[in-house]
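Below is one structure; the comments refer to it alone.
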Amino acid sequence: MTGKKNDINKPLPVSGKLKTGRRPKTVKTYSSGQVLFSEGEIGHELFLISDGEVIVTHGTKEDRVELARLKAGDIIGEMALLDNLPRSATVTTTKDTKTIITSEAAIYDMLQDMPMWLSSVVKIIIARLRNKNKYLGTAIMRNREKSVARLLLMRIEEECPSSSQKSYDLDYYNTVLDICFVTRLQKRSVTKILNILSKKKLLSVIQKAENKFIRIQNIEYLRLFLDYQAQKDEGNLIPVLTLSDYSRKVLEAIFKSPLNVPTGSDGSITIPASSLLHEVAKKVNSVSMDALHELIHCGLLETVTDNKDTKVEMIKWEPDVLHSQLRYYTLFKAFVKELDTSPDNLDIITVRIEKRKAEKRLQKPGVVPNTRFERFYKSGDILFDEGDSGSEMYIVKTGTIQILKQEGTRQVELARLGPGTVLGEMSLLDNAPRSATARAIEDVIVTFIDQSYLQTTLESIPADMKGLIQVVVRRLRETTSNNYLNIIRNGIAPVVRSIFHYATSQKAKKGEPFSLPVNIIKEEAFSLFGLNYDDTEKILAYLKIIKLGNFKDETDTSLERLFVCLDVDVLMLLYSHLRTHRLNKKTLAEQVSKRTEKFARIIYEAGRTRGSKSDKRVKVDVRQVRIHMEQNQCEFTELDEQCINELQKLHLIEMEQKTVQTKNGKSTVLLICYTLKQLPLLIKQLQWRKSFEFDIAQTL
């Protein structure tokens with residue numbers, strides 16, 4: 001092919017800007033707060049921001065999550081045009097914004113100039129980007145009712161661990177704040193979920209004088225609800241809940257029928273099918289053998305052969321099993337919900353279908369240009385290592401490839417890819433290092449496309465399309481990076497909460513390290529927040545970096561992995577720190593000046609060594625504070641009124657006068673008083689502040 005050489009190692013057109021030319025474009029200005037397009041709409045236009053700023057958000061009005069902010073030079077709306085799926089997010093201007101709009105027809109013309117294999121690869125990349133946005137936008141949660149109910153039970157168990165009460169009242173305001181923080185839900189959404197749980201008779205919201213409470217009417221019933229949700233998530237629904245109403249009536253009739261037959265040694269009943277149908281027909285109309293098939297299929301009944309007459313079909317069941325199943329139905333029927341076919345779920349399904357279609361197209365003859373681009377790998381061979389420069393992309397023709405990611409000293413399996421799947425395309429398109437290792441776990445044949453062929457292909461397509469491809473790939477890279485950051489920021493609360501709850505249930509001693517199985521943390525974090533196991537590992541690694549915990553016995557893989565929390569009090573201090581910031585407030589340590597910090601430490605140490613304790617308060621004579629200053633050669637030699645006033649405004653200390661009897665008569669003594677909670681909390685916050693403000697990005 002002739003024409004000037006195109007070096008694909010150089011960035012493709014200027015930050016994704018579309019070049020002006022013959023293709024139809026229009027200029028449009030939007031005022032601040034105006035919506036360019038909404039999530040779920042069909043896309044007909046692509047926008048280049050020439051001036052201003054937009055915010056990209058995902059989710060409902062109550063739970064809208066910010067995905068990105070885009071400024072002049074950025075492109076938005078390309079995904080819906082390239083893969084013909086609805087818009088995956090809502091875009092709103094944050095100030096007056098000028099855009100250059102490219103029509104759907106112009107994009108279609110460019111797509112016609114692209115080879116089919118490249119078009120398919122771009123669609124696969126977009127599908128991955130959509131899934132990552134969906135993952136971030138839904139805040140990782142899968143079952144909100146379960147998460148809220150679990151947090152309610154955790155708070156009850158922490159506040160009264162040994163209580164045998166049937167009901168319990170939780171402070172409404174603090175509980176809702178805690179739920180909002182851990183789940184990342186808005187207060188309005190939490191209120192709606194509490195209303196749903198109230199309709200299921202799990203709780204009620206009551207008013208006592210000026211205070212509002214969440215009353216858990218039956219704690220065991222709440223546990224039962226969580227058991228049901230856990231079984232539902234694992235796909236192990238109780239058989240009776242899967243039955244139709246008609247089959248359930250037949251089951252009840254079987255259980256209640258007065259059958260005069262002896263029970264077996266295992267307590268089971270066996271009876272000819274015809275006799276059973278005759279008895280059931282007395283209670284249920286139009287019953288036939290078909291009515292029993294559903295009960296047999298779900299394992300509640302069993303067909304056996306009569307030893308005397310093999311032609312007679314016998315039905316066997318265990319009365320105790322039927323009794324427990326019918327009891328479960330009575331308890332669980334309030335929890336049963338229809339299959340969720342919300343637009344969000346349907347969109348995920350659509351993306352998956354589209355991705356499979358794109359991958360199948362790559363297997364068709366003639367899609368890959370030349371058979372000389374095939375390569376064979378033996379089982380165990382490495383296609384590429386994490387960190388390698390990317391010079392080829394691969395399409396799996398036969399066999400299976402394992403994708404591995406280095407996590408500390410261990411390699412974690414991320415995925416297994418079979419025939420028709422694509423790997424390595426991002427490194428080929430943007431020349432970034434490989435983000436994982438690919439290893440053949442059986443003999444594999446792949447079709448590969450290298451940079452020289454990609455370069456030839458890119459020379460044959462419009463410059464505008466090159467820019468769009470670069471934008472899509474760059475956005476997926478940025479979204480992947482942002483997801484890692486958000487995993488830590490959004491997921492640390494449920495992980496810390498899970499560790500604290502386990503410590504409380506095990507009665508861990510304050511200030512001392514304690515160990516707990518990593519699998520328990522993972523299960524609890526998944527139950528609370530839908531956090532997957534790999535993400536929980538990242539958060540535990542972060543806690544290790546800021547010196548709040550460590551992994552025990554990692555060298556011996558035969559032992560259960562344990563996470564050692566060094567101090568549960570400090571862990572909850574981190575939780576409080578993060579929650580305070582979530583409310584856009586400042587911690588005590590962030591409200592005092594540097595000079596007052598030093599003065600507060602002096603008062604605390606003087607009170608600890610020279611003060612007296614009574615009624616959860618510490619009182620120290622100001623003369624003892626001065627002696628402490630002199631003996632420890634402190635920066636302060638006298639009491640600092642400005643520091644005292646600052647600490648008093650924050651309700652950390654109080655000044656108190658006390659009359660005492662001396663040899664020379666009565667005299668007045670000035671005391672500095674503080675509670676055993678507030679001032680020690682400030683000192684601990686000051687001690688750990690640097691660790692809590694550790695840059696999360698450095699952990700990745």
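Within each chain, counting starts at residue 1; across the structure tokens, chains are named A, B, ... in the order shown, with ligands numbered 1 upward in that order.
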(request) Fewer than 3 positions away in the same chain doesn't count, so skip those; otherwise give me all residues within 9 Å of Trp688 of chain A, counting only C-alpha atoms, as a PyMOL selection string. (result) chain A and resi 570+573-574+683-685+691-693
Next, write the just-selected residues to a file, as a PDB file, in the first residue's frame, keeping N, CA, C and O atoms as the atom set.
```pdb
ATOM      1  N   VAL A 570      -8.267   1.358  66.499  1.00  0.00           N
ATOM      2  CA  VAL A 570      -7.713   2.198  65.436  1.00  0.00           C
ATOM      3  C   VAL A 570      -8.453   1.934  64.125  1.00  0.00           C
ATOM      4  O   VAL A 570      -8.670   2.846  63.323  1.00  0.00           O
ATOM      5  N   LEU A 573     -11.391   3.877  64.242  1.00  0.00           N
ATOM      6  CA  LEU A 573     -10.998   5.279  64.110  1.00  0.00           C
ATOM      7  C   LEU A 573     -10.903   5.645  62.628  1.00  0.00           C
ATOM      8  O   LEU A 573     -11.336   6.719  62.201  1.00  0.00           O
ATOM      9  N   LEU A 574     -10.353   4.715  61.823  1.00  0.00           N
ATOM     10  CA  LEU A 574     -10.305   4.910  60.365  1.00  0.00           C
ATOM     11  C   LEU A 574     -11.725   4.985  59.809  1.00  0.00           C
ATOM     12  O   LEU A 574     -12.037   5.834  58.967  1.00  0.00           O
ATOM     13  N   ILE A 683      -6.190  12.892  70.468  1.00  0.00           N
ATOM     14  CA  ILE A 683      -4.786  12.459  70.484  1.00  0.00           C
ATOM     15  C   ILE A 683      -4.578  11.276  69.546  1.00  0.00           C
ATOM     16  O   ILE A 683      -3.593  11.205  68.807  1.00  0.00           O
ATOM     17  N   LYS A 684      -5.535  10.343  69.544  1.00  0.00           N
ATOM     18  CA  LYS A 684      -5.411   9.170  68.674  1.00  0.00           C
ATOM     19  C   LYS A 684      -5.567   9.562  67.206  1.00  0.00           C
ATOM     20  O   LYS A 684      -4.892   9.035  66.323  1.00  0.00           O
ATOM     21  N   GLN A 685      -6.467  10.500  66.922  1.00  0.00           N
ATOM     22  CA  GLN A 685      -6.630  10.994  65.544  1.00  0.00           C
ATOM     23  C   GLN A 685      -5.349  11.664  65.065  1.00  0.00           C
ATOM     24  O   GLN A 685      -4.931  11.467  63.923  1.00  0.00           O
ATOM     25  N   SER A 691      -1.347   8.343  58.443  1.00  0.00           N
ATOM     26  CA  SER A 691      -1.655   7.038  57.839  1.00  0.00           C
ATOM     27  C   SER A 691      -2.999   7.074  57.137  1.00  0.00           C
ATOM     28  O   SER A 691      -3.152   6.539  56.031  1.00  0.00           O
ATOM     29  N   PHE A 692      -4.002   7.714  57.762  1.00  0.00           N
ATOM     30  CA  PHE A 692      -5.341   7.763  57.175  1.00  0.00           C
ATOM     31  C   PHE A 692      -5.376   8.620  55.912  1.00  0.00           C
ATOM     32  O   PHE A 692      -6.222   8.414  55.042  1.00  0.00           O
ATOM     33  N   GLU A 693      -4.475   9.592  55.815  1.00  0.00           N
ATOM     34  CA  GLU A 693      -4.450  10.470  54.647  1.00  0.00           C
ATOM     35  C   GLU A 693      -3.463   9.985  53.593  1.00  0.00           C
ATOM     36  O   GLU A 693      -3.149  10.688  52.652  1.00  0.00           O
TER      37      GLU A 693
END
```
(message) DSSP on the backbone, alpha helix (DSSP H) only: what residues of segment 471-673 of chain A does that give? Format it as a PyMOL selection string.
(response) chain A and resi 471-505+518-529+533-545+568-582+594-610+622-631+641-649
(request) Check segment 136-253 of chain A with DSSP on the backbone and list each residue it calls strand (DSSP E), as a ChimeraX atom specification. (result) /A:168-171,203-208,211-216
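In this structure, atom CA of Thr447 of chain A sits 13.2 Å away from atom CA of Ile401 of chain A.
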(request) Compile the contact shell of Glu374 of chain A as a PyMOL selection string: residues with an atom at most 8 Å away, counting only C-alpha atoms, same-chain residues fewer than 5 positions apart removed. (result) chain A and resi 445-448
Can you spit out the residues from that selection as a CSV table (one decimal), in the first residue's frame, using N, CA, C and O atoms?
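New file part-v1.csv:
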```csv
chain,number,residue,atom,x,y,z
A,445,ILE,N,-4.2,-22.7,19.6
A,445,ILE,CA,-3.9,-22.1,18.3
A,445,ILE,C,-4.6,-20.7,18.4
A,445,ILE,O,-5.8,-20.6,18.7
A,446,VAL,N,-3.8,-19.7,18.1
A,446,VAL,CA,-4.3,-18.3,18.1
A,446,VAL,C,-4.0,-17.6,16.8
A,446,VAL,O,-3.1,-18.0,16.1
A,447,THR,N,-4.9,-16.7,16.4
A,447,THR,CA,-4.6,-15.9,15.3
A,447,THR,C,-4.1,-14.5,15.8
A,447,THR,O,-4.7,-14.0,16.8
A,448,PHE,N,-3.0,-14.1,15.4
A,448,PHE,CA,-2.4,-12.8,15.9
A,448,PHE,C,-2.4,-11.7,14.9
A,448,PHE,O,-2.2,-12.0,13.7
```
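Near segment 90-92 of chain A, within a cut-off of 8 Å and counting only C-alpha atoms, sit the residues Gly33, Gln34, Val35, Leu36, Phe37, Ser38, Glu39, Val54, Ile55, Val56, Thr57, His58, Arg87, Ser88 and Thr94 of chain A, with same-chain residues fewer than 2 positions away left out.
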Grab the residues selected above and save them as a PDB file, in the first residue's frame with N, CA and C atoms.
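Okay, selection.pdb is ready:
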```pdb
ATOM      1  N   GLY A  33     -26.101  23.427  33.324  1.00  0.00           N
ATOM      2  CA  GLY A  33     -27.156  22.578  33.867  1.00  0.00           C
ATOM      3  C   GLY A  33     -28.012  21.893  32.827  1.00  0.00           C
ATOM      4  N   GLN A  34     -27.732  22.143  31.541  1.00  0.00           N
ATOM      5  CA  GLN A  34     -28.526  21.537  30.465  1.00  0.00           C
ATOM      6  C   GLN A  34     -28.006  20.129  30.160  1.00  0.00           C
ATOM      7  N   VAL A  35     -28.927  19.221  29.829  1.00  0.00           N
ATOM      8  CA  VAL A  35     -28.572  17.827  29.550  1.00  0.00           C
ATOM      9  C   VAL A  35     -28.314  17.648  28.057  1.00  0.00           C
ATOM     10  N   LEU A  36     -27.128  17.106  27.720  1.00  0.00           N
ATOM     11  CA  LEU A  36     -26.819  16.805  26.319  1.00  0.00           C
ATOM     12  C   LEU A  36     -27.581  15.559  25.878  1.00  0.00           C
ATOM     13  N   PHE A  37     -27.503  14.518  26.701  1.00  0.00           N
ATOM     14  CA  PHE A  37     -28.299  13.310  26.462  1.00  0.00           C
ATOM     15  C   PHE A  37     -28.422  12.545  27.776  1.00  0.00           C
ATOM     16  N   SER A  38     -29.429  11.673  27.845  1.00  0.00           N
ATOM     17  CA  SER A  38     -29.724  10.938  29.080  1.00  0.00           C
ATOM     18  C   SER A  38     -29.444   9.456  28.927  1.00  0.00           C
ATOM     19  N   GLU A  39     -29.163   8.826  30.037  1.00  0.00           N
ATOM     20  CA  GLU A  39     -28.917   7.381  30.069  1.00  0.00           C
ATOM     21  C   GLU A  39     -30.142   6.631  29.541  1.00  0.00           C
ATOM     22  N   VAL A  54     -18.509  19.260  31.048  1.00  0.00           N
ATOM     23  CA  VAL A  54     -19.699  18.439  31.298  1.00  0.00           C
ATOM     24  C   VAL A  54     -19.367  17.404  32.369  1.00  0.00           C
ATOM     25  N   ILE A  55     -20.413  16.939  33.047  1.00  0.00           N
ATOM     26  CA  ILE A  55     -20.264  15.875  34.039  1.00  0.00           C
ATOM     27  C   ILE A  55     -20.994  14.639  33.529  1.00  0.00           C
ATOM     28  N   VAL A  56     -20.349  13.466  33.624  1.00  0.00           N
ATOM     29  CA  VAL A  56     -20.928  12.205  33.158  1.00  0.00           C
ATOM     30  C   VAL A  56     -21.368  11.426  34.387  1.00  0.00           C
ATOM     31  N   THR A  57     -22.651  11.076  34.459  1.00  0.00           N
ATOM     32  CA  THR A  57     -23.189  10.384  35.632  1.00  0.00           C
ATOM     33  C   THR A  57     -23.963   9.143  35.210  1.00  0.00           C
ATOM     34  N   HIS A  58     -24.110   8.222  36.169  1.00  0.00           N
ATOM     35  CA  HIS A  58     -24.833   6.970  35.910  1.00  0.00           C
ATOM     36  C   HIS A  58     -25.731   6.666  37.099  1.00  0.00           C
ATOM     37  N   ARG A  87     -27.542   4.842  25.288  1.00  0.00           N
ATOM     38  CA  ARG A  87     -26.568   5.612  26.052  1.00  0.00           C
ATOM     39  C   ARG A  87     -26.367   4.968  27.425  1.00  0.00           C
ATOM     40  N   SER A  88     -25.103   4.864  27.867  1.00  0.00           N
ATOM     41  CA  SER A  88     -24.798   4.207  29.143  1.00  0.00           C
ATOM     42  C   SER A  88     -24.717   5.188  30.297  1.00  0.00           C
ATOM     43  N   THR A  94     -21.790  21.651  33.305  1.00  0.00           N
ATOM     44  CA  THR A  94     -21.583  22.294  34.609  1.00  0.00           C
ATOM     45  C   THR A  94     -21.447  23.804  34.458  1.00  0.00           C
TER      46      THR A  94
END
```
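For the residues A:Lys187, A:His323, A:Lys619, A:Lys146, ranking by smallest atom-to-atom distance to Glu252 of chain A using only C-alpha atoms places A:His323 first.
Of the residues under consideration (A:Val622, A:Lys649, A:Val287, A:Phe225), A:Val622 shows the shortest atom-to-atom contact distance to Thr637 of chain A when counting only C-alpha atoms.
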What's the 7 Å shell around segment 514-523 of chain A, counting only C-alpha atoms, without same-chain residues fewer than 4 positions away, as a PDB file with C-alpha atoms, in the first residue's frame?
```
ATOM      1  CA  VAL A 495     -14.415  -4.417  54.788  1.00  0.00           C
ATOM      2  CA  SER A 498     -16.899  -6.663  58.588  1.00  0.00           C
ATOM      3  CA  ILE A 499     -13.634  -6.925  60.539  1.00  0.00           C
ATOM      4  CA  ALA A 508     -11.513  -9.276  70.906  1.00  0.00           C
ATOM      5  CA  SER A 527     -22.903 -10.026  51.681  1.00  0.00           C
ATOM      6  CA  TYR A 533     -13.130 -11.410  46.530  1.00  0.00           C
ATOM      7  CA  THR A 536     -11.454  -7.342  49.120  1.00  0.00           C
ATOM      8  CA  GLU A 560      -6.123 -21.090  56.129  1.00  0.00           C
ATOM      9  CA  ARG A 561      -5.123 -17.526  55.292  1.00  0.00           C
ATOM     10  CA  LEU A 562      -5.509 -15.179  58.235  1.00  0.00           C
ATOM     11  CA  PHE A 563      -5.610 -11.401  58.433  1.00  0.00           C
ATOM     12  CA  VAL A 564      -4.205  -9.957  61.658  1.00  0.00           C
ATOM     13  CA  CYS A 565      -5.834  -6.690  62.729  1.00  0.00           C
ATOM     14  CA  LEU A 566      -3.348  -4.844  64.937  1.00  0.00           C
TER      15      LEU A 566
END
```
For Leu676 of chain A, list every protein, DNA or RNA residue within 12 Å, evaluated using only C-alpha atoms, and leave out those in the same chain fewer than 4 positions away; present the list as a short mmCIF file (atom, residue, chain, number, x, y, z; two decimals) with all heavy atoms, in the first residue's frame.
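Result went into out_26.cif, see below:
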```
data_model
loop_
_atom_site.label_atom_id
_atom_site.label_comp_id
_atom_site.auth_asym_id
_atom_site.auth_seq_id
_atom_site.Cartn_x
_atom_site.Cartn_y
_atom_site.Cartn_z
N TYR A 604 -3.09 16.22 77.89
CA TYR A 604 -3.42 14.79 77.93
C TYR A 604 -2.39 14.02 78.75
O TYR A 604 -2.74 13.19 79.61
CB TYR A 604 -3.51 14.24 76.52
CG TYR A 604 -3.70 12.75 76.46
CD1 TYR A 604 -4.93 12.17 76.80
CD2 TYR A 604 -2.65 11.90 76.08
CE1 TYR A 604 -5.11 10.80 76.76
CE2 TYR A 604 -2.82 10.53 76.04
CZ TYR A 604 -4.05 9.97 76.38
OH TYR A 604 -4.22 8.62 76.36
N GLY A 607 -2.60 14.93 82.43
CA GLY A 607 -3.76 14.30 83.04
C GLY A 607 -3.55 12.81 83.25
O GLY A 607 -3.98 12.24 84.26
N ARG A 608 -2.87 12.17 82.29
CA ARG A 608 -2.64 10.72 82.37
C ARG A 608 -1.68 10.36 83.51
O ARG A 608 -1.85 9.34 84.17
CB ARG A 608 -2.08 10.22 81.04
CG ARG A 608 -2.03 8.70 80.90
CD ARG A 608 -1.61 8.31 79.49
NE ARG A 608 -0.27 8.75 79.21
CZ ARG A 608 0.85 8.08 79.56
NH1 ARG A 608 0.75 6.95 80.23
NH2 ARG A 608 2.04 8.55 79.25
N GLY A 611 -3.10 13.44 86.85
CA GLY A 611 -4.49 13.78 87.13
C GLY A 611 -5.21 12.71 87.92
O GLY A 611 -4.67 11.64 88.23
N SER A 612 -6.48 13.00 88.25
CA SER A 612 -7.32 12.03 88.97
C SER A 612 -8.54 11.71 88.12
O SER A 612 -9.08 12.57 87.43
CB SER A 612 -7.77 12.62 90.31
OG SER A 612 -8.50 13.82 90.10
N LYS A 613 -8.98 10.45 88.17
CA LYS A 613 -10.12 10.00 87.37
C LYS A 613 -11.34 9.82 88.26
O LYS A 613 -11.25 9.24 89.35
CB LYS A 613 -9.80 8.68 86.68
CG LYS A 613 -8.71 8.77 85.64
CD LYS A 613 -8.46 7.40 85.01
CE LYS A 613 -7.32 7.45 84.01
NZ LYS A 613 -7.04 6.12 83.43
N SER A 614 -12.49 10.29 87.76
CA SER A 614 -13.76 10.06 88.45
C SER A 614 -14.91 10.35 87.50
O SER A 614 -14.86 11.33 86.75
CB SER A 614 -13.87 10.96 89.69
OG SER A 614 -13.87 12.32 89.32
N ASP A 615 -15.92 9.48 87.51
CA ASP A 615 -17.10 9.67 86.66
C ASP A 615 -16.74 9.86 85.19
O ASP A 615 -17.24 10.77 84.51
CB ASP A 615 -17.93 10.87 87.13
CG ASP A 615 -18.45 10.68 88.55
OD1 ASP A 615 -18.75 9.52 88.90
OD2 ASP A 615 -18.55 11.68 89.27
N LYS A 616 -15.83 9.01 84.69
CA LYS A 616 -15.40 9.03 83.28
C LYS A 616 -14.78 10.36 82.88
O LYS A 616 -14.81 10.76 81.72
CB LYS A 616 -16.56 8.69 82.35
CG LYS A 616 -17.14 7.30 82.57
CD LYS A 616 -18.25 6.99 81.58
CE LYS A 616 -18.80 5.59 81.81
NZ LYS A 616 -19.90 5.26 80.87
N ARG A 617 -14.23 11.07 83.88
CA ARG A 617 -13.56 12.34 83.61
C ARG A 617 -12.19 12.34 84.26
O ARG A 617 -11.94 11.65 85.25
CB ARG A 617 -14.38 13.52 84.14
CG ARG A 617 -15.74 13.67 83.50
CD ARG A 617 -16.47 14.87 84.08
NE ARG A 617 -16.04 16.11 83.47
CZ ARG A 617 -16.08 17.30 84.09
NH1 ARG A 617 -16.50 17.39 85.33
NH2 ARG A 617 -15.70 18.39 83.46
N VAL A 618 -11.30 13.13 83.67
CA VAL A 618 -9.96 13.32 84.23
C VAL A 618 -9.83 14.78 84.63
O VAL A 618 -10.19 15.69 83.86
CB VAL A 618 -8.86 12.96 83.20
CG1 VAL A 618 -7.48 13.28 83.76
CG2 VAL A 618 -8.95 11.49 82.82
N LYS A 619 -9.33 15.02 85.85
CA LYS A 619 -9.11 16.38 86.33
C LYS A 619 -7.64 16.52 86.71
O LYS A 619 -7.09 15.67 87.40
CB LYS A 619 -9.99 16.68 87.55
CG LYS A 619 -11.48 16.61 87.26
CD LYS A 619 -12.30 16.92 88.50
CE LYS A 619 -13.80 16.85 88.21
NZ LYS A 619 -14.63 17.18 89.41
N LEU A 652 -13.58 19.95 74.13
CA LEU A 652 -12.57 18.95 74.47
C LEU A 652 -12.11 19.07 75.92
O LEU A 652 -11.71 18.07 76.53
CB LEU A 652 -11.37 19.07 73.52
CG LEU A 652 -11.66 18.73 72.06
CD1 LEU A 652 -10.46 19.06 71.18
CD2 LEU A 652 -11.99 17.25 71.92
N ILE A 653 -12.13 20.28 76.45
CA ILE A 653 -11.76 20.48 77.85
C ILE A 653 -12.73 21.47 78.50
O ILE A 653 -13.45 22.20 77.81
CB ILE A 653 -10.31 21.01 78.01
CG1 ILE A 653 -10.18 22.41 77.40
CG2 ILE A 653 -9.30 20.04 77.42
CD1 ILE A 653 -8.87 23.10 77.74
N PRO A 680 -8.82 12.05 74.48
CA PRO A 680 -8.06 10.89 73.99
C PRO A 680 -8.34 10.58 72.52
O PRO A 680 -7.45 10.14 71.80
CB PRO A 680 -8.54 9.75 74.90
CG PRO A 680 -8.95 10.43 76.16
CD PRO A 680 -9.55 11.73 75.72
N LEU A 681 -9.60 10.83 72.08
CA LEU A 681 -9.93 10.62 70.67
C LEU A 681 -9.13 11.57 69.78
O LEU A 681 -8.60 11.15 68.74
CB LEU A 681 -11.43 10.84 70.45
CG LEU A 681 -11.94 10.77 69.01
CD1 LEU A 681 -11.71 9.38 68.43
CD2 LEU A 681 -13.41 11.14 68.93
N LEU A 682 -9.01 12.83 70.19
CA LEU A 682 -8.21 13.79 69.43
C LEU A 682 -6.76 13.34 69.34
O LEU A 682 -6.16 13.38 68.26
CB LEU A 682 -8.28 15.18 70.09
CG LEU A 682 -7.30 16.23 69.54
CD1 LEU A 682 -7.62 16.56 68.09
CD2 LEU A 682 -7.31 17.48 70.40
N ILE A 683 -6.19 12.89 70.47
CA ILE A 683 -4.79 12.46 70.48
C ILE A 683 -4.58 11.28 69.55
O ILE A 683 -3.59 11.20 68.81
CB ILE A 683 -4.35 12.09 71.92
CG1 ILE A 683 -4.53 13.30 72.86
CG2 ILE A 683 -2.92 11.59 71.94
CD1 ILE A 683 -3.79 14.54 72.43
#
```
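The smallest atom-to-atom distance between Asp245 of chain A and any of A:Met289, A:Leu226, A:Val625, A:Val284, using only C-alpha atoms, is found for A:Val284.
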(message) When you look at Ser268 of chain A with a cut-off of 6 Å (counting only C-alpha atoms), what residues show up, excluding the ones that are within fewer than 3 positions of it in the same chain? I need them as number ranges by chain.
(response) A: 263-264, 317-318
